[in-house]
Structure formats: C-alpha cells, structure tokens
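Engineer: Structure file run22.csv (CSV, N, CA, C and O atoms) right here:
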```csv
chain,number,residue,atom,x,y,z
A,1,MET,N,0.8,-1.2,0.0
A,1,MET,CA,0.0,0.0,0.0
A,1,MET,C,0.9,1.2,0.0
A,1,MET,O,2.0,1.2,0.6
A,2,LEU,N,0.4,2.3,-0.7
A,2,LEU,CA,1.2,3.5,-0.7
A,2,LEU,C,1.3,4.1,0.7
A,2,LEU,O,0.4,3.9,1.6
A,3,PHE,N,2.3,4.9,0.9
A,3,PHE,CA,2.4,5.6,2.2
A,3,PHE,C,1.2,6.5,2.3
A,3,PHE,O,0.6,7.0,1.3
A,4,ARG,N,0.7,6.7,3.5
A,4,ARG,CA,-0.5,7.5,3.7
A,4,ARG,C,-0.5,8.9,3.1
A,4,ARG,O,-1.5,9.3,2.6
A,5,SER,N,0.7,9.6,3.2
A,5,SER,CA,0.7,10.9,2.6
A,5,SER,C,0.5,10.8,1.1
A,5,SER,O,-0.1,11.7,0.5
A,6,GLU,N,1.0,9.8,0.4
A,6,GLU,CA,0.9,9.6,-1.0
A,6,GLU,C,-0.6,9.3,-1.3
A,6,GLU,O,-1.2,9.8,-2.3
A,7,LYS,N,-1.2,8.5,-0.5
A,7,LYS,CA,-2.6,8.1,-0.7
A,7,LYS,C,-3.5,9.4,-0.5
A,7,LYS,O,-4.4,9.6,-1.3
A,8,LYS,N,-3.2,10.2,0.5
A,8,LYS,CA,-4.0,11.4,0.7
A,8,LYS,C,-3.8,12.3,-0.5
A,8,LYS,O,-4.8,12.9,-0.9
A,9,GLN,N,-2.7,12.4,-1.1
A,9,GLN,CA,-2.4,13.3,-2.2
A,9,GLN,C,-3.3,12.8,-3.4
A,9,GLN,O,-3.9,13.5,-4.1
A,10,LEU,N,-3.3,11.4,-3.6
A,10,LEU,CA,-4.0,10.9,-4.7
A,10,LEU,C,-5.5,11.1,-4.5
A,10,LEU,O,-6.2,11.4,-5.5
A,11,LEU,N,-6.0,11.0,-3.3
A,11,LEU,CA,-7.4,11.2,-3.0
A,11,LEU,C,-7.8,12.7,-3.3
A,11,LEU,O,-8.8,13.0,-4.0
A,12,GLU,N,-6.9,13.6,-2.9
A,12,GLU,CA,-7.2,15.0,-3.1
A,12,GLU,C,-7.1,15.4,-4.6
A,12,GLU,O,-8.0,16.2,-5.1
A,13,GLU,N,-6.2,14.8,-5.3
A,13,GLU,CA,-6.1,15.1,-6.7
A,13,GLU,C,-7.3,14.6,-7.5
A,13,GLU,O,-7.8,15.3,-8.4
A,14,ALA,N,-7.7,13.4,-7.1
A,14,ALA,CA,-8.9,12.8,-7.8
A,14,ALA,C,-10.1,13.7,-7.5
A,14,ALA,O,-11.0,13.9,-8.4
A,15,HIS,N,-10.3,14.2,-6.3
A,15,HIS,CA,-11.4,15.0,-5.9
A,15,HIS,C,-11.4,16.3,-6.7
A,15,HIS,O,-12.4,16.8,-7.2
A,16,ARG,N,-10.2,17.0,-6.7
A,16,ARG,CA,-10.1,18.2,-7.5
A,16,ARG,C,-10.4,18.0,-9.0
A,16,ARG,O,-11.0,18.9,-9.6
A,17,ALA,N,-10.0,16.9,-9.5
A,17,ALA,CA,-10.3,16.6,-10.9
A,17,ALA,C,-11.7,16.2,-11.2
A,17,ALA,O,-12.1,16.0,-12.3
A,18,GLY,N,-12.5,15.9,-10.1
A,18,GLY,CA,-13.8,15.5,-10.2
A,18,GLY,C,-13.9,14.0,-10.7
A,18,GLY,O,-14.9,13.6,-11.3
A,19,ASP,N,-12.9,13.3,-10.5
A,19,ASP,CA,-12.8,11.9,-10.9
A,19,ASP,C,-13.4,10.9,-9.9
A,19,ASP,O,-12.6,10.4,-9.0
A,20,VAL,N,-14.7,10.8,-9.9
A,20,VAL,CA,-15.4,10.0,-8.9
A,20,VAL,C,-15.0,8.5,-9.0
A,20,VAL,O,-14.9,7.8,-8.0
A,21,ASP,N,-14.7,8.0,-10.2
A,21,ASP,CA,-14.3,6.6,-10.3
A,21,ASP,C,-13.0,6.4,-9.7
A,21,ASP,O,-12.8,5.3,-9.0
A,22,GLN,N,-12.1,7.3,-9.8
A,22,GLN,CA,-10.7,7.1,-9.2
A,22,GLN,C,-10.9,7.2,-7.7
A,22,GLN,O,-10.2,6.5,-6.9
A,23,LEU,N,-11.7,8.2,-7.2
A,23,LEU,CA,-11.9,8.3,-5.8
A,23,LEU,C,-12.5,7.0,-5.2
A,23,LEU,O,-12.1,6.5,-4.2
A,24,ARG,N,-13.5,6.4,-5.9
A,24,ARG,CA,-14.1,5.1,-5.5
A,24,ARG,C,-13.1,4.0,-5.5
A,24,ARG,O,-13.0,3.2,-4.5
A,25,THR,N,-12.2,4.0,-6.4
A,25,THR,CA,-11.1,3.0,-6.5
A,25,THR,C,-10.2,3.1,-5.2
A,25,THR,O,-9.9,2.1,-4.6
A,26,HIS,N,-9.8,4.3,-5.0
A,26,HIS,CA,-8.9,4.5,-3.8
A,26,HIS,C,-9.6,4.2,-2.5
A,26,HIS,O,-9.0,3.6,-1.6
A,27,ALA,N,-10.9,4.6,-2.4
A,27,ALA,CA,-11.6,4.3,-1.2
A,27,ALA,C,-11.8,2.7,-1.0
A,27,ALA,O,-11.6,2.2,0.1
A,28,HIS,N,-12.0,2.0,-2.1
A,28,HIS,CA,-12.1,0.6,-2.0
A,28,HIS,C,-10.8,0.0,-1.6
A,28,HIS,O,-10.8,-0.9,-0.7
A,29,GLN,N,-9.7,0.4,-2.1
A,29,GLN,CA,-8.4,-0.1,-1.7
A,29,GLN,C,-8.2,0.2,-0.2
A,29,GLN,O,-7.7,-0.7,0.5
A,30,LEU,N,-8.5,1.4,0.3
A,30,LEU,CA,-8.3,1.7,1.7
A,30,LEU,C,-9.2,0.9,2.6
A,30,LEU,O,-8.8,0.6,3.7
A,31,LYS,N,-10.4,0.6,2.1
A,31,LYS,CA,-11.4,-0.2,2.9
A,31,LYS,C,-10.7,-1.5,3.1
A,31,LYS,O,-10.8,-2.0,4.3
A,32,GLY,N,-10.2,-2.2,2.1
A,32,GLY,CA,-9.6,-3.5,2.3
A,32,GLY,C,-8.3,-3.4,3.1
A,32,GLY,O,-8.1,-4.3,4.0
A,33,ALA,N,-7.5,-2.4,2.9
A,33,ALA,CA,-6.2,-2.3,3.6
A,33,ALA,C,-6.5,-2.0,5.1
A,33,ALA,O,-5.8,-2.6,5.9
A,34,GLY,N,-7.4,-1.2,5.4
A,34,GLY,CA,-7.8,-0.9,6.7
A,34,GLY,C,-8.1,-2.1,7.5
A,34,GLY,O,-7.6,-2.3,8.6
A,35,GLY,N,-8.9,-3.0,7.0
A,35,GLY,CA,-9.3,-4.2,7.6
A,35,GLY,C,-8.2,-5.1,7.8
A,35,GLY,O,-8.0,-5.8,8.8
A,36,GLY,N,-7.3,-5.2,6.7
A,36,GLY,CA,-6.2,-6.1,6.8
A,36,GLY,C,-5.1,-5.7,7.8
A,36,GLY,O,-4.4,-6.6,8.3
A,37,TYR,N,-5.0,-4.4,8.1
A,37,TYR,CA,-4.0,-3.9,9.0
A,37,TYR,C,-4.6,-3.6,10.4
A,37,TYR,O,-3.9,-3.0,11.2
A,38,GLY,N,-5.9,-3.9,10.6
A,38,GLY,CA,-6.5,-3.7,11.9
A,38,GLY,C,-7.0,-2.3,12.2
A,38,GLY,O,-7.2,-1.9,13.3
A,39,PHE,N,-7.2,-1.5,11.1
A,39,PHE,CA,-7.8,-0.2,11.2
A,39,PHE,C,-9.3,-0.2,10.8
A,39,PHE,O,-9.6,0.2,9.7
A,40,GLN,N,-10.1,-0.7,11.7
A,40,GLN,CA,-11.5,-0.9,11.4
A,40,GLN,C,-12.2,0.5,11.1
A,40,GLN,O,-13.0,0.6,10.2
A,41,GLY,N,-11.8,1.5,11.8
A,41,GLY,CA,-12.3,2.8,11.5
A,41,GLY,C,-12.0,3.3,10.1
A,41,GLY,O,-12.9,3.9,9.4
A,42,LEU,N,-10.8,3.0,9.7
A,42,LEU,CA,-10.4,3.4,8.3
A,42,LEU,C,-11.3,2.7,7.3
A,42,LEU,O,-11.8,3.3,6.3
A,43,SER,N,-11.5,1.4,7.5
A,43,SER,CA,-12.4,0.6,6.6
A,43,SER,C,-13.8,1.2,6.6
A,43,SER,O,-14.4,1.3,5.5
A,44,GLU,N,-14.3,1.6,7.7
A,44,GLU,CA,-15.7,2.1,7.8
A,44,GLU,C,-15.8,3.4,7.0
A,44,GLU,O,-16.8,3.6,6.3
A,45,ILE,N,-14.9,4.3,7.3
A,45,ILE,CA,-14.9,5.6,6.6
A,45,ILE,C,-14.7,5.5,5.1
A,45,ILE,O,-15.4,6.1,4.3
A,46,ALA,N,-13.8,4.6,4.7
A,46,ALA,CA,-13.5,4.4,3.3
A,46,ALA,C,-14.7,3.8,2.6
A,46,ALA,O,-15.0,4.1,1.5
A,47,ALA,N,-15.4,2.9,3.3
A,47,ALA,CA,-16.7,2.3,2.8
A,47,ALA,C,-17.7,3.4,2.5
A,47,ALA,O,-18.4,3.4,1.5
A,48,GLU,N,-17.8,4.4,3.5
A,48,GLU,CA,-18.7,5.5,3.3
A,48,GLU,C,-18.4,6.3,2.0
A,48,GLU,O,-19.3,6.6,1.3
A,49,LEU,N,-17.1,6.5,1.8
A,49,LEU,CA,-16.7,7.3,0.6
A,49,LEU,C,-17.0,6.5,-0.6
A,49,LEU,O,-17.5,7.0,-1.6
A,50,GLU,N,-16.7,5.2,-0.6
A,50,GLU,CA,-17.0,4.3,-1.7
A,50,GLU,C,-18.5,4.3,-2.1
A,50,GLU,O,-18.8,4.5,-3.3
A,51,ASP,N,-19.3,4.2,-1.1
A,51,ASP,CA,-20.8,4.2,-1.3
A,51,ASP,C,-21.2,5.6,-1.9
A,51,ASP,O,-22.1,5.6,-2.8
A,52,ALA,N,-20.7,6.7,-1.3
A,52,ALA,CA,-21.0,8.0,-1.8
A,52,ALA,C,-20.6,8.2,-3.3
A,52,ALA,O,-21.4,8.8,-4.1
A,53,CYS,N,-19.5,7.6,-3.6
A,53,CYS,CA,-19.0,7.7,-5.0
A,53,CYS,C,-19.9,6.9,-5.9
A,53,CYS,O,-20.3,7.3,-7.0
A,54,LYS,N,-20.3,5.7,-5.5
A,54,LYS,CA,-21.2,4.9,-6.3
A,54,LYS,C,-22.5,5.6,-6.5
A,54,LYS,O,-23.1,5.5,-7.6
A,55,ALA,N,-23.0,6.3,-5.5
A,55,ALA,CA,-24.3,7.0,-5.6
A,55,ALA,C,-24.1,8.4,-6.3
A,55,ALA,O,-25.1,9.0,-6.6
A,56,ASN,N,-22.9,8.8,-6.6
A,56,ASN,CA,-22.5,10.0,-7.2
A,56,ASN,C,-23.2,11.2,-6.4
A,56,ASN,O,-23.7,12.1,-7.0
A,57,ASP,N,-23.1,11.1,-5.1
A,57,ASP,CA,-23.7,12.1,-4.2
A,57,ASP,C,-22.6,13.1,-3.8
A,57,ASP,O,-21.8,12.8,-3.0
A,58,VAL,N,-22.5,14.2,-4.5
A,58,VAL,CA,-21.4,15.2,-4.3
A,58,VAL,C,-21.3,15.6,-2.9
A,58,VAL,O,-20.1,15.7,-2.4
A,59,ASP,N,-22.3,15.9,-2.2
A,59,ASP,CA,-22.2,16.4,-0.8
A,59,ASP,C,-21.6,15.3,0.1
A,59,ASP,O,-20.8,15.5,0.9
A,60,ASP,N,-22.2,14.0,0.0
A,60,ASP,CA,-21.7,12.9,0.8
A,60,ASP,C,-20.2,12.6,0.4
A,60,ASP,O,-19.4,12.2,1.3
A,61,VAL,N,-19.8,12.7,-0.9
A,61,VAL,CA,-18.5,12.5,-1.3
A,61,VAL,C,-17.5,13.4,-0.5
A,61,VAL,O,-16.5,13.0,0.0
A,62,GLY,N,-17.9,14.7,-0.6
A,62,GLY,CA,-17.1,15.7,0.1
A,62,GLY,C,-16.9,15.5,1.6
A,62,GLY,O,-15.8,15.5,2.2
A,63,GLU,N,-18.0,15.2,2.2
A,63,GLU,CA,-18.0,14.9,3.7
A,63,GLU,C,-17.2,13.7,4.0
A,63,GLU,O,-16.4,13.7,5.0
A,64,SER,N,-17.5,12.6,3.3
A,64,SER,CA,-16.8,11.4,3.5
A,64,SER,C,-15.3,11.5,3.3
A,64,SER,O,-14.4,11.0,4.0
A,65,LEU,N,-14.9,12.2,2.2
A,65,LEU,CA,-13.5,12.4,1.9
A,65,LEU,C,-12.8,13.2,3.0
A,65,LEU,O,-11.7,12.9,3.4
A,66,ASP,N,-13.5,14.3,3.5
A,66,ASP,CA,-12.9,15.0,4.6
A,66,ASP,C,-12.7,14.1,5.8
A,66,ASP,O,-11.6,14.2,6.5
A,67,LYS,N,-13.7,13.3,6.2
A,67,LYS,CA,-13.5,12.4,7.3
A,67,LYS,C,-12.3,11.4,7.1
A,67,LYS,O,-11.5,11.2,8.0
A,68,LEU,N,-12.2,10.9,5.8
A,68,LEU,CA,-11.2,9.9,5.5
A,68,LEU,C,-9.8,10.6,5.6
A,68,LEU,O,-8.9,10.0,6.2
A,69,LEU,N,-9.7,11.8,5.1
A,69,LEU,CA,-8.4,12.5,5.1
A,69,LEU,C,-8.0,12.8,6.5
A,69,LEU,O,-6.8,12.7,6.9
A,70,GLY,N,-9.0,13.2,7.3
A,70,GLY,CA,-8.7,13.4,8.8
A,70,GLY,C,-8.3,12.2,9.5
A,70,GLY,O,-7.3,12.2,10.3
A,71,TYR,N,-8.9,11.1,9.2
A,71,TYR,CA,-8.5,9.8,9.8
A,71,TYR,C,-7.1,9.4,9.4
A,71,TYR,O,-6.3,9.0,10.2
A,72,LEU,N,-6.8,9.5,8.1
A,72,LEU,CA,-5.5,9.2,7.6
A,72,LEU,C,-4.4,10.0,8.3
A,72,LEU,O,-3.3,9.6,8.6
A,73,GLY,N,-4.8,11.3,8.5
A,73,GLY,CA,-3.8,12.2,9.2
A,73,GLY,C,-3.5,11.8,10.6
A,73,GLY,O,-2.5,12.2,11.2
A,74,ARG,N,-4.4,11.0,11.3
A,74,ARG,CA,-4.2,10.6,12.7
A,74,ARG,C,-3.5,9.3,12.8
A,74,ARG,O,-3.2,8.9,13.9
A,75,ILE,N,-3.3,8.6,11.7
A,75,ILE,CA,-2.7,7.2,11.8
A,75,ILE,C,-1.2,7.4,12.0
A,75,ILE,O,-0.5,8.1,11.3
A,76,CYS,N,-0.7,6.7,13.0
A,76,CYS,CA,0.7,6.7,13.3
A,76,CYS,C,1.2,5.3,13.2
A,76,CYS,O,0.6,4.4,13.8
A,77,VAL,N,2.2,5.1,12.4
A,77,VAL,CA,2.7,3.7,12.2
A,77,VAL,C,4.2,3.7,12.4
A,77,VAL,O,4.9,4.7,12.3
```
Give the structure from this file in structure tokens form.
Structural biologist:
Amino acid sequence: MLFRSEKKQLLEEAHRAGDVDQLRTHAHQLKGAGGGYGFQGLSEIAAELEDACKANDVDDVGESLDKLLGYLGRICV
C-alpha cells in the first residue's frame, strides 16, 4: 500500500479533478487495507466514501472524503 501521505495526495487530486471513479477505487483499496491492518475505523470511513461515489452524491463524497483524510492524518505507524 502507498504511504498514507501519497494516498492522501491521490485522493485530493482525484477530488479536485472530479474523478469519482478514481476516488471510488482509492476508497475501495483503503477499505480493504484498513481491515487487513487492523484499522476498522479506516475501513468504515473508506466504505462510506466508496458508497457516496457509487451514488454520485457530491455532498456525501465531500463529507466522507474530509472524514477519511482526517482519519489518515491521525494514523501513526
């Protein structure tokens, strides 16, 4: 998995570009990685973002992305 700062950058770039499919892909990857590494909260927030992307709900995408970026910023490894 990419370092969290790199993943945060990719998420932000996809959001700025309006690339919901790329956001969904990154969220899906983080959902699986979070579970695999014991970060259940990461998996749950990433799942929210993935679902918002699937529904193409702009407001929910923004809110979920903010939550996910905040969570990634708090992970210490």
Engineer: If I take CA of Gly35 in chain A and atom C of His15 in chain A, how far is one from the other in Å, to one decimal?
Structural biologist: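 The value is 25.1 Å.
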Engineer: Which of these, A:Tyr71, A:Gly32, A:Asp21, A:Leu42, has the shortest distance to Lys54 in chain A once you count only N, CA, C and O atoms?
Structural biologist: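 Answer, going by the shortest atom-to-atom distance: A:Asp21.
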Engineer: With all atoms listed in the file as the basis for distance, which of A:Ile45, A:Arg16, A:Ala33, A:Gly73 is at the shortest distance from Asp60 in chain A?
Structural biologist: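 Of A:Ile45, A:Arg16, A:Ala33, A:Gly73, the one nearest Asp60 in chain A, counting all atoms listed in the file, is A:Ile45.
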Engineer: Rank nothing, just name the residue among A:Arg74, A:Leu49, A:Gln40, A:Gln9 nearest to Gly62 in chain A, using all atoms listed in the file.
Structural biologist: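 For Gly62 in chain A, the nearest of the candidates is A:Leu49.
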Engineer: Which one of A:Val20, A:Lys31, A:Thr25, A:Ser43 sits closest to Val61 in chain A if you count only C-alpha atoms?
Structural biologist: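 Closest to Val61 in chain A, using only C-alpha atoms: A:Val20.
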Engineer: Take atom N of Glu6 in chain A and atom O of Leu72 in chain A and report the distance between them in Å, one decimal.
Structural biologist: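 We find that atom N of Glu6 in chain A and atom O of Leu72 in chain A lie 9.3 Å from each other.
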Engineer: Taking the point (-12.4, 4.9, -8.6) as given in the file, collect each protein or nucleic acid residue that comes within 12 Å of it, counting only C-alpha atoms, and present the set as a list of chain:residue names.
Structural biologist: A:Leu10, A:Leu11, A:Ala14, A:His15, A:Gly18, A:Asp19, A:Val20, A:Asp21, A:Gln22, A:Leu23, A:Arg24, A:Thr25, A:His26, A:Ala27, A:His28, A:Gln29, A:Leu30, A:Ala46, A:Leu49, A:Glu50, A:Asp51, A:Ala52, A:Cys53, A:Lys54, A:Asn56
Engineer: Hey, can you check how far CA of Asp59 in chain A sits from CA of Ser5 in chain A?
Structural biologist: 23.8 Å
